[in-house]
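Source file: entry_8.tsv; contents: TSV, C-alpha atoms.
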```tsv
chain	number	residue	atom	x	y	z
A	93	MET	CA	65.99	-26.42	-110.23
A	94	LYS	CA	66.88	-29.99	-109.13
A	95	ASN	CA	70.60	-29.25	-109.46
A	96	PHE	CA	70.11	-26.00	-107.57
A	97	ILE	CA	68.39	-27.74	-104.66
A	98	LYS	CA	70.85	-30.63	-104.68
A	99	TYR	CA	73.77	-28.22	-104.61
A	100	GLY	CA	72.07	-26.18	-101.94
A	101	PHE	CA	71.60	-29.15	-99.65
A	102	THR	CA	75.23	-30.03	-100.15
A	103	PHE	CA	75.96	-26.68	-98.55
A	104	PHE	CA	73.34	-27.52	-95.96
A	105	ALA	CA	76.18	-28.39	-93.65
A	106	LEU	CA	76.33	-27.91	-89.90
A	107	LEU	CA	78.93	-25.47	-88.68
A	108	PHE	CA	80.65	-27.42	-85.93
A	109	VAL	CA	84.44	-27.69	-86.14
A	110	GLY	CA	86.38	-25.51	-83.73
A	111	LEU	CA	83.59	-24.05	-81.60
A	112	GLY	CA	83.80	-26.66	-78.89
A	113	ASN	CA	87.60	-26.48	-78.66
A	114	ILE	CA	87.68	-22.68	-78.57
A	115	LEU	CA	85.17	-22.43	-75.72
A	116	ALA	CA	86.19	-25.54	-73.80
A	117	GLN	CA	87.55	-25.22	-70.30
A	118	GLU	CA	89.73	-27.64	-68.37
A	119	LYS	CA	87.18	-28.14	-65.60
A	120	ASP	CA	84.56	-29.40	-68.11
A	121	LYS	CA	85.68	-33.01	-68.57
A	122	ALA	CA	82.47	-34.04	-70.34
A	123	LEU	CA	82.91	-31.61	-73.21
A	124	PRO	CA	86.17	-33.09	-74.63
A	125	LYS	CA	84.71	-36.59	-74.41
A	126	ALA	CA	81.59	-35.38	-76.26
A	127	ASN	CA	83.67	-33.72	-78.98
A	128	GLU	CA	85.72	-36.87	-79.48
A	129	ALA	CA	82.60	-39.04	-79.76
A	130	TYR	CA	81.08	-36.58	-82.22
A	131	SER	CA	84.21	-36.65	-84.43
A	132	GLU	CA	83.92	-40.45	-84.52
A	133	SER	CA	80.23	-40.14	-85.57
A	134	LYS	CA	79.08	-41.59	-82.25
A	135	TYR	CA	76.29	-39.05	-82.02
A	136	ALA	CA	74.22	-40.73	-79.31
A	137	GLU	CA	77.27	-40.98	-77.05
A	138	ALA	CA	78.20	-37.41	-77.88
A	139	GLU	CA	74.68	-36.26	-77.04
A	140	ALA	CA	74.88	-37.86	-73.59
A	141	GLU	CA	78.19	-36.14	-72.79
A	142	TYR	CA	76.97	-32.76	-74.09
A	143	ARG	CA	73.93	-33.04	-71.84
A	144	ILE	CA	76.20	-33.64	-68.85
A	145	SER	CA	78.32	-30.64	-69.80
A	146	ASN	CA	75.23	-28.49	-70.32
A	147	SER	CA	73.81	-29.43	-66.93
A	148	LYS	CA	77.05	-28.54	-65.15
A	149	PHE	CA	77.61	-25.29	-67.04
A	150	PRO	CA	74.13	-24.02	-67.98
A	151	ASN	CA	75.30	-20.48	-68.82
A	152	ARG	CA	77.68	-21.52	-71.59
A	153	SER	CA	76.77	-21.65	-75.26
A	154	VAL	CA	79.19	-24.36	-76.43
A	155	SER	CA	77.47	-27.36	-74.83
A	156	PRO	CA	73.90	-26.59	-76.01
A	157	TYR	CA	75.22	-25.65	-79.47
A	158	ASN	CA	77.12	-28.95	-79.94
A	159	LEU	CA	74.24	-30.80	-78.29
A	160	GLY	CA	72.01	-29.44	-81.04
A	161	ASN	CA	74.46	-30.71	-83.66
A	162	ALA	CA	74.56	-34.20	-82.13
A	163	ILE	CA	70.75	-34.37	-82.04
A	164	TYR	CA	70.51	-33.02	-85.61
A	165	LYS	CA	72.87	-35.77	-86.83
A	166	GLN	CA	70.45	-38.33	-85.42
A	167	ASN	CA	67.68	-36.97	-87.70
A	168	GLN	CA	65.91	-35.19	-84.84
A	169	ALA	CA	66.04	-31.72	-86.36
A	170	SER	CA	62.93	-30.40	-84.63
A	171	GLU	CA	64.38	-31.30	-81.22
A	172	ALA	CA	67.76	-29.79	-82.10
A	173	LYS	CA	66.34	-26.29	-82.53
A	174	TYR	CA	65.68	-26.02	-78.78
A	175	ALA	CA	69.36	-26.60	-78.07
A	176	TYR	CA	70.33	-24.00	-80.68
A	177	ALA	CA	67.90	-21.54	-79.13
A	178	LYS	CA	69.60	-21.93	-75.75
A	179	ALA	CA	73.00	-21.53	-77.37
A	180	LEU	CA	71.84	-18.25	-78.90
A	181	LYS	CA	70.56	-17.10	-75.51
A	182	ASN	CA	73.99	-17.72	-73.94
A	183	ALA	CA	76.07	-16.61	-76.94
A	184	ARG	CA	78.53	-13.77	-76.28
A	185	SER	CA	80.34	-13.37	-79.59
A	186	ARG	CA	79.32	-12.78	-83.20
A	187	VAL	CA	81.05	-16.05	-84.15
A	188	GLN	CA	78.86	-18.03	-81.75
A	189	LYS	CA	75.69	-16.27	-82.92
A	190	HIS	CA	76.55	-16.79	-86.61
A	191	LYS	CA	77.07	-20.54	-86.20
A	192	ALA	CA	73.94	-21.01	-84.05
A	193	TYR	CA	71.73	-19.03	-86.44
A	194	HIS	CA	73.14	-20.91	-89.45
A	195	ASN	CA	72.37	-24.32	-87.96
A	196	LEU	CA	68.97	-23.12	-86.76
A	197	GLY	CA	68.25	-22.16	-90.37
A	198	ASN	CA	69.13	-25.72	-91.38
A	199	VAL	CA	66.56	-27.05	-88.92
A	200	PHE	CA	63.84	-24.84	-90.37
A	201	MET	CA	64.76	-25.95	-93.89
A	202	LYS	CA	64.35	-29.57	-92.78
A	203	GLU	CA	60.93	-28.69	-91.44
A	204	LYS	CA	60.11	-26.83	-94.69
A	205	ASN	CA	59.47	-23.73	-92.62
A	206	TYR	CA	61.04	-21.46	-95.20
A	207	THR	CA	59.87	-18.24	-93.60
A	208	GLU	CA	61.78	-18.93	-90.39
A	209	ALA	CA	64.71	-20.34	-92.34
A	210	VAL	CA	65.09	-17.07	-94.26
A	211	GLU	CA	65.08	-15.11	-91.00
A	212	ALA	CA	67.61	-17.44	-89.36
A	213	TYR	CA	70.07	-17.23	-92.28
A	214	LYS	CA	69.56	-13.48	-92.44
A	215	ASN	CA	70.55	-13.19	-88.76
A	216	ALA	CA	73.53	-15.45	-89.38
A	217	LEU	CA	74.72	-13.15	-92.20
A	218	ARG	CA	74.34	-10.12	-89.97
A	219	ASN	CA	76.92	-11.67	-87.68
A	220	ASN	CA	79.18	-12.90	-90.51
A	221	PRO	CA	78.33	-11.44	-93.94
A	222	ALA	CA	81.31	-13.15	-95.58
A	223	ASP	CA	80.25	-16.76	-94.97
A	224	GLU	CA	79.52	-18.32	-98.39
A	225	GLN	CA	77.63	-21.35	-97.03
A	226	THR	CA	75.24	-19.14	-95.13
A	227	ARG	CA	74.85	-16.80	-98.10
A	228	TYR	CA	73.99	-19.68	-100.42
A	229	ASN	CA	71.55	-21.26	-97.97
A	230	PHE	CA	69.91	-17.87	-97.51
A	231	ALA	CA	69.34	-17.58	-101.28
A	232	LEU	CA	68.00	-21.13	-101.43
A	233	ALA	CA	65.61	-20.50	-98.54
A	234	LYS	CA	64.24	-17.38	-100.25
A	235	LYS	CA	63.70	-19.30	-103.48
A	236	MET	CA	61.89	-22.12	-101.67
A	237	LEU	CA	59.74	-19.62	-99.80
A	238	LYS	CA	58.72	-17.95	-103.04
A	239	GLU	CA	57.77	-21.28	-104.61
A	240	ASN	CA	56.07	-22.57	-101.45
A	241	PRO	CA	54.26	-19.74	-99.68
A	242	PRO	CA	53.13	-20.55	-96.13
A	243	LYS	CA	49.84	-22.44	-95.98
A	244	ASP	CA	48.69	-20.27	-93.11
A	245	ASN	CA	49.06	-17.17	-95.27
A	246	LYS	CA	47.08	-18.81	-98.06
A	247	ASP	CA	44.36	-19.92	-95.64
A	248	LYS	CA	44.32	-16.46	-94.10
A	249	LYS	CA	44.10	-14.89	-97.53
A	250	ASP	CA	41.26	-17.22	-98.52
A	251	LYS	CA	39.53	-16.54	-95.21
A	252	ASN	CA	39.85	-12.81	-95.72
A	253	LYS	CA	38.56	-13.23	-99.26
A	254	ASP	CA	35.55	-15.18	-98.00
A	255	LYS	CA	35.02	-12.57	-95.31
A	256	ASP	CA	35.09	-9.84	-97.94
A	257	LYS	CA	32.56	-11.79	-100.01
A	258	ASP	CA	30.28	-12.17	-96.99
A	259	LYS	CA	30.61	-8.47	-96.25
A	260	ASP	CA	29.84	-7.58	-99.87
A	261	LYS	CA	26.81	-9.88	-99.81
A	262	LYS	CA	25.55	-8.35	-96.57
A	263	ASP	CA	26.06	-4.86	-97.96
A	264	GLN	CA	24.20	-5.80	-101.14
A	265	ASP	CA	21.38	-7.41	-99.14
A	266	LYS	CA	21.09	-4.28	-97.04
A	267	LYS	CA	21.01	-2.11	-100.16
A	268	ASP	CA	18.30	-4.33	-101.65
A	269	GLN	CA	16.29	-4.17	-98.43
A	270	ASP	CA	16.64	-0.40	-98.29
A	271	LYS	CA	15.57	-0.14	-101.94
A	272	ASP	CA	12.57	-2.41	-101.35
A	273	LYS	CA	11.58	-0.36	-98.32
A	274	LYS	CA	11.87	2.89	-100.27
A	275	ASP	CA	9.82	1.44	-103.13
A	276	GLN	CA	7.17	0.22	-100.71
A	277	ASP	CA	7.08	3.57	-98.92
A	278	LYS	CA	6.71	5.30	-102.26
A	279	LYS	CA	3.83	3.00	-103.23
A	280	ASP	CA	2.14	3.60	-99.87
A	281	GLU	CA	2.57	7.35	-100.27
A	282	ASN	CA	1.17	7.28	-103.80
A	283	LYS	CA	-1.80	5.21	-102.61
A	284	LYS	CA	-2.48	7.68	-99.79
A	285	ASP	CA	-2.33	10.57	-102.26
A	286	GLN	CA	-4.71	8.80	-104.65
A	287	ASP	CA	-7.11	7.91	-101.83
A	288	LYS	CA	-7.06	11.53	-100.68
A	289	LYS	CA	-7.75	12.77	-104.20
A	290	ASN	CA	-10.61	10.32	-104.58
A	291	GLN	CA	-12.06	11.37	-101.22
A	292	ASP	CA	-11.74	15.07	-102.06
A	293	LYS	CA	-13.41	14.44	-105.40
A	294	LYS	CA	-16.24	12.57	-103.71
A	295	ASP	CA	-16.69	15.24	-101.03
A	296	GLY	CA	-16.79	17.96	-103.70
A	297	LYS	CA	-19.39	16.06	-105.70
A	298	ASP	CA	-21.61	15.54	-102.65
A	299	LYS	CA	-21.38	19.21	-101.76
A	300	LYS	CA	-22.29	20.22	-105.33
A	301	ASP	CA	-25.28	17.89	-105.31
A	302	GLU	CA	-26.57	19.46	-102.09
A	303	ASN	CA	-26.66	22.93	-103.73
A	304	GLN	CA	-28.55	21.79	-106.84
A	305	PRO	CA	-32.41	21.40	-107.07
A	306	PRO	CA	-33.75	17.91	-107.04
A	307	LYS	CA	-33.60	16.19	-110.36
A	308	PRO	CA	-36.71	14.69	-111.96
A	309	GLN	CA	-37.30	11.06	-111.32
A	310	PRO	CA	-36.31	8.94	-114.26
A	311	GLY	CA	-39.24	8.41	-116.75
A	312	GLY	CA	-41.80	10.97	-115.19
A	313	ILE	CA	-42.59	14.14	-113.19
A	314	SER	CA	-41.03	14.75	-109.85
A	315	LYS	CA	-43.15	13.98	-106.81
A	316	ASP	CA	-43.31	17.60	-105.62
A	317	ARG	CA	-44.36	18.92	-109.02
A	318	LEU	CA	-47.02	16.23	-109.40
A	319	GLN	CA	-48.52	17.13	-106.03
A	320	ASN	CA	-48.61	20.82	-107.00
A	321	LEU	CA	-50.41	19.99	-110.26
A	322	LEU	CA	-52.97	17.86	-108.45
A	323	ASP	CA	-53.58	20.65	-105.96
A	324	ALA	CA	-54.07	23.15	-108.80
A	325	VAL	CA	-56.56	20.87	-110.61
A	326	ASN	CA	-58.52	20.29	-107.44
A	327	ASN	CA	-58.69	24.03	-106.78
A	328	GLU	CA	-59.84	24.71	-110.31
A	329	GLU	CA	-62.53	22.08	-110.12
A	330	LYS	CA	-63.71	23.49	-106.82
A	331	LYS	CA	-64.02	26.97	-108.36
A	332	ILE	CA	-66.09	25.62	-111.26
A	333	GLN	CA	-68.39	23.71	-108.94
A	334	ASP	CA	-68.91	26.73	-106.76
A	335	LYS	CA	-69.84	28.81	-109.85
A	336	VAL	CA	-72.36	26.23	-111.03
A	337	ASN	CA	-74.03	26.09	-107.66
A	338	ALA	CA	-74.35	29.86	-107.58
A	339	ASN	CA	-76.03	29.97	-110.98
A	340	LYS	CA	-78.57	27.43	-109.88
A	341	VAL	CA	-79.69	29.64	-107.04
A	342	LYS	CA	-79.93	32.89	-109.00
A	343	GLY	CA	-81.11	31.54	-112.38
A	344	LYS	CA	-84.72	32.02	-113.81
A	345	PRO	CA	-86.88	29.23	-115.25
A	346	VAL	CA	-86.61	28.88	-118.98
A	347	GLU	CA	-89.76	29.96	-120.84
A	348	THR	CA	-91.23	27.66	-123.41
A	349	GLU	CA	-92.36	28.85	-126.85
A	350	LYS	CA	-96.04	29.90	-127.51
A	351	ASP	CA	-98.44	27.69	-129.23
A	352	TRP	CA	-99.83	29.02	-132.52
```
Entire entry expressed as structure tokens:
Amino acid sequence: MKNFIKYGFTFFALLFVGLGNILAQEKDKALPKANEAYSESKYAEAEAEYRISNSKFPNRSVSPYNLGNAIYKQNQASEAKYAYAKALKNARSRVQKHKAYHNLGNVFMKEKNYTEAVEAYKNALRNNPADEQTRYNFALAKKMLKENPPKDNKDKKDKNKDKDKDKDKKDQDKKDQDKDKKDQDKKDENKKDQDKKNQDKKDGKDKKDENQPPKPQPGGISKDRLQNLLDAVNNEEKKIQDKVNANKVKGKPVETEKDW
């Protein structure tokens, strides 16, 4: 793996030679000076001249492309990508697009943005499928992307996972609440049924009691029966008394026996 990466970064070269000379025009005096400074590794001086050229000829791709290279050589890769982006906007040929996409891929590799690096190298190969440096860097970028998935994707995946957990919990809570409500409704219904049965049973008992004769008082005769017996005794006594009184009126004196 270490050898693979080391070899890959050896191929991590900027594609520079020839582009400036091919697209240079006699009127652009700053561009040749910039190319000469770049070839002598005077990247700050080259950057200044490329900026002059770019300001005078803003619709060309050569100045912003080589400007990006000069900035990249000064370890300012993130700044260089803006120059490459302008070069791509102004590019007219497949050669220009291939070189700009290749170097843009290098910037993304420096930034460890492997997703964008893969796309940049892929676009470079679309414009020049035969370039071995681009092909190798494309393979390396894919390998690095596989081993280092984007943090945003991981965070998004974790967030979605947490969201799914929250949703599952809410669904389960709702199910539990619905179940509790159903159980409570069932209990209430059963209680109502039992209360109704008890009330019906009580009403039936009361109605039955109304149709039955009064029961004797516990331990003796009922009050009504006792009164009837007393009335009967009183009537009987009255009849006897009346009979005795009648006999007294009609009866004869008892005769005594004769003396001898």
Given only C-alpha atoms as the counted atoms, nearest of A:Arg184, A:Lys214, A:Lys271, A:Lys121 to Arg152 (chain A):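 Of A:Arg184, A:Lys214, A:Lys271, A:Lys121, the one nearest Arg152 (chain A) is A:Arg184, counting only C-alpha atoms.
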Please identify all polymer residues within 10 Å of region 128-132 of chain A, counting only C-alpha atoms, omitting same-chain residues fewer than 6 positions from it, and present them as a compact mmCIF listing (two decimals) with C-alpha atoms, in the coordinates of the input.
```
# COMPACT_ATOMS: atom_id res chain seq x y z
CA PHE A 108 80.65 -27.42 -85.93
CA VAL A 109 84.44 -27.69 -86.14
CA ALA A 138 78.20 -37.41 -77.88
CA GLU A 139 74.68 -36.26 -77.04
CA ALA A 140 74.88 -37.86 -73.59
CA GLU A 141 78.19 -36.14 -72.79
CA TYR A 142 76.97 -32.76 -74.09
CA ASN A 158 77.12 -28.95 -79.94
CA LEU A 159 74.24 -30.80 -78.29
CA ASN A 161 74.46 -30.71 -83.66
CA ALA A 162 74.56 -34.20 -82.13
CA LYS A 165 72.87 -35.77 -86.83
```
Point-to-point distance from CA of Asn167 (chain A) to CA of Lys202 (chain A), Å rounded to tenths: 9.6 Å
Pick from A:Glu171, A:Glu224, A:Asp260, A:Asp280, whichever lies nearest to Phe200 (chain A) using only C-alpha atoms: A:Glu171
Atomic separation - CA of Asn151 (chain A) relative to CA of Ala183 (chain A), Å: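 According to the coordinates, CA of Ala183 (chain A) and CA of Asn151 (chain A) are separated by 9.0 Å.
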Residue with smallest distance to Lys173 (chain A) - pool A:Lys243, A:His194, A:Lys283, A:Lys330, counting all atoms listed in the file: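 Checking each of A:Lys243, A:His194, A:Lys283, A:Lys330 against Lys173 (chain A), counting all atoms listed in the file, the winner is A:His194.
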Contacts of Ala216 (chain A) at 12 Å (only C-alpha atoms; same-chain gap of 4+ positions) as a ChimeraX atom specification: /A:107,180,186-198,209-212,220-230
Shortest interatomic distance to Lys125 (chain A) - which of A:Glu203, A:Glu329, A:Glu137, A:Asp287, counting all atoms listed in the file: A:Glu137
Of the listed residues A:Lys134, A:Lys274, A:Arg218, A:Lys119, that which approaches Phe149 (chain A) most closely, counting all atoms listed in the file: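 Ranking A:Lys134, A:Lys274, A:Arg218, A:Lys119 by distance to Phe149 (chain A), first place goes to A:Lys119.
With CA of Ser185 (chain A) on one side and CA of Ile144 (chain A) on the other, the separation reads 23.3 Å.
Closest to Pro124 (chain A) among A:Gln333, A:Ser155, A:Asn205, A:Ser147 is A:Ser155, based on all atoms listed in the file.
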Taking the partial coordinates given, rebuild region 225-241 of chain A to contain N, CA, C and O atoms; return it as a compact mmCIF listing (two decimals), in the coordinates of the input.
```txt
# COMPACT_ATOMS: atom_id res chain seq x y z
N GLN A 225 78.65 -20.31 -97.27
CA GLN A 225 77.63 -21.35 -97.03
C GLN A 225 76.32 -20.72 -96.57
O GLN A 225 75.24 -21.06 -97.07
N THR A 226 76.44 -19.81 -95.63
CA THR A 226 75.24 -19.14 -95.13
C THR A 226 74.58 -18.33 -96.23
O THR A 226 73.35 -18.32 -96.38
N ARG A 227 75.39 -17.63 -97.03
CA ARG A 227 74.85 -16.80 -98.10
C ARG A 227 74.08 -17.66 -99.11
O ARG A 227 73.00 -17.28 -99.57
N TYR A 228 74.64 -18.81 -99.45
CA TYR A 228 73.99 -19.68 -100.42
C TYR A 228 72.69 -20.25 -99.84
O TYR A 228 71.65 -20.29 -100.52
N ASN A 229 72.75 -20.72 -98.59
CA ASN A 229 71.55 -21.26 -97.97
C ASN A 229 70.46 -20.21 -97.83
O ASN A 229 69.26 -20.52 -97.94
N PHE A 230 70.86 -18.97 -97.61
CA PHE A 230 69.91 -17.87 -97.51
C PHE A 230 69.19 -17.68 -98.85
O PHE A 230 67.96 -17.53 -98.90
N ALA A 231 69.94 -17.72 -99.95
CA ALA A 231 69.34 -17.58 -101.28
C ALA A 231 68.40 -18.75 -101.58
O ALA A 231 67.32 -18.57 -102.15
N LEU A 232 68.83 -19.95 -101.20
CA LEU A 232 68.00 -21.13 -101.43
C LEU A 232 66.70 -21.05 -100.63
O LEU A 232 65.62 -21.36 -101.14
N ALA A 233 66.80 -20.61 -99.38
CA ALA A 233 65.61 -20.50 -98.54
C ALA A 233 64.62 -19.49 -99.13
O ALA A 233 63.41 -19.72 -99.13
N LYS A 234 65.12 -18.38 -99.64
CA LYS A 234 64.24 -17.38 -100.25
C LYS A 234 63.55 -17.94 -101.48
O LYS A 234 62.35 -17.68 -101.72
N LYS A 235 64.29 -18.71 -102.27
CA LYS A 235 63.70 -19.30 -103.48
C LYS A 235 62.60 -20.30 -103.11
O LYS A 235 61.52 -20.31 -103.70
N MET A 236 62.87 -21.13 -102.10
CA MET A 236 61.89 -22.12 -101.67
C MET A 236 60.64 -21.44 -101.07
O MET A 236 59.52 -21.91 -101.26
N LEU A 237 60.87 -20.35 -100.38
CA LEU A 237 59.74 -19.62 -99.80
C LEU A 237 58.85 -19.04 -100.88
O LEU A 237 57.62 -19.07 -100.79
N LYS A 238 59.48 -18.52 -101.94
CA LYS A 238 58.72 -17.95 -103.04
C LYS A 238 57.89 -19.02 -103.75
O LYS A 238 56.74 -18.77 -104.15
N GLU A 239 58.47 -20.20 -103.91
CA GLU A 239 57.77 -21.28 -104.61
C GLU A 239 56.77 -22.02 -103.70
O GLU A 239 55.87 -22.69 -104.20
N ASN A 240 56.95 -21.88 -102.40
CA ASN A 240 56.07 -22.57 -101.45
C ASN A 240 55.63 -21.60 -100.36
O ASN A 240 56.13 -21.65 -99.23
N PRO A 241 54.72 -20.71 -100.69
CA PRO A 241 54.26 -19.74 -99.68
C PRO A 241 53.61 -20.47 -98.51
O PRO A 241 53.05 -21.56 -98.68
```
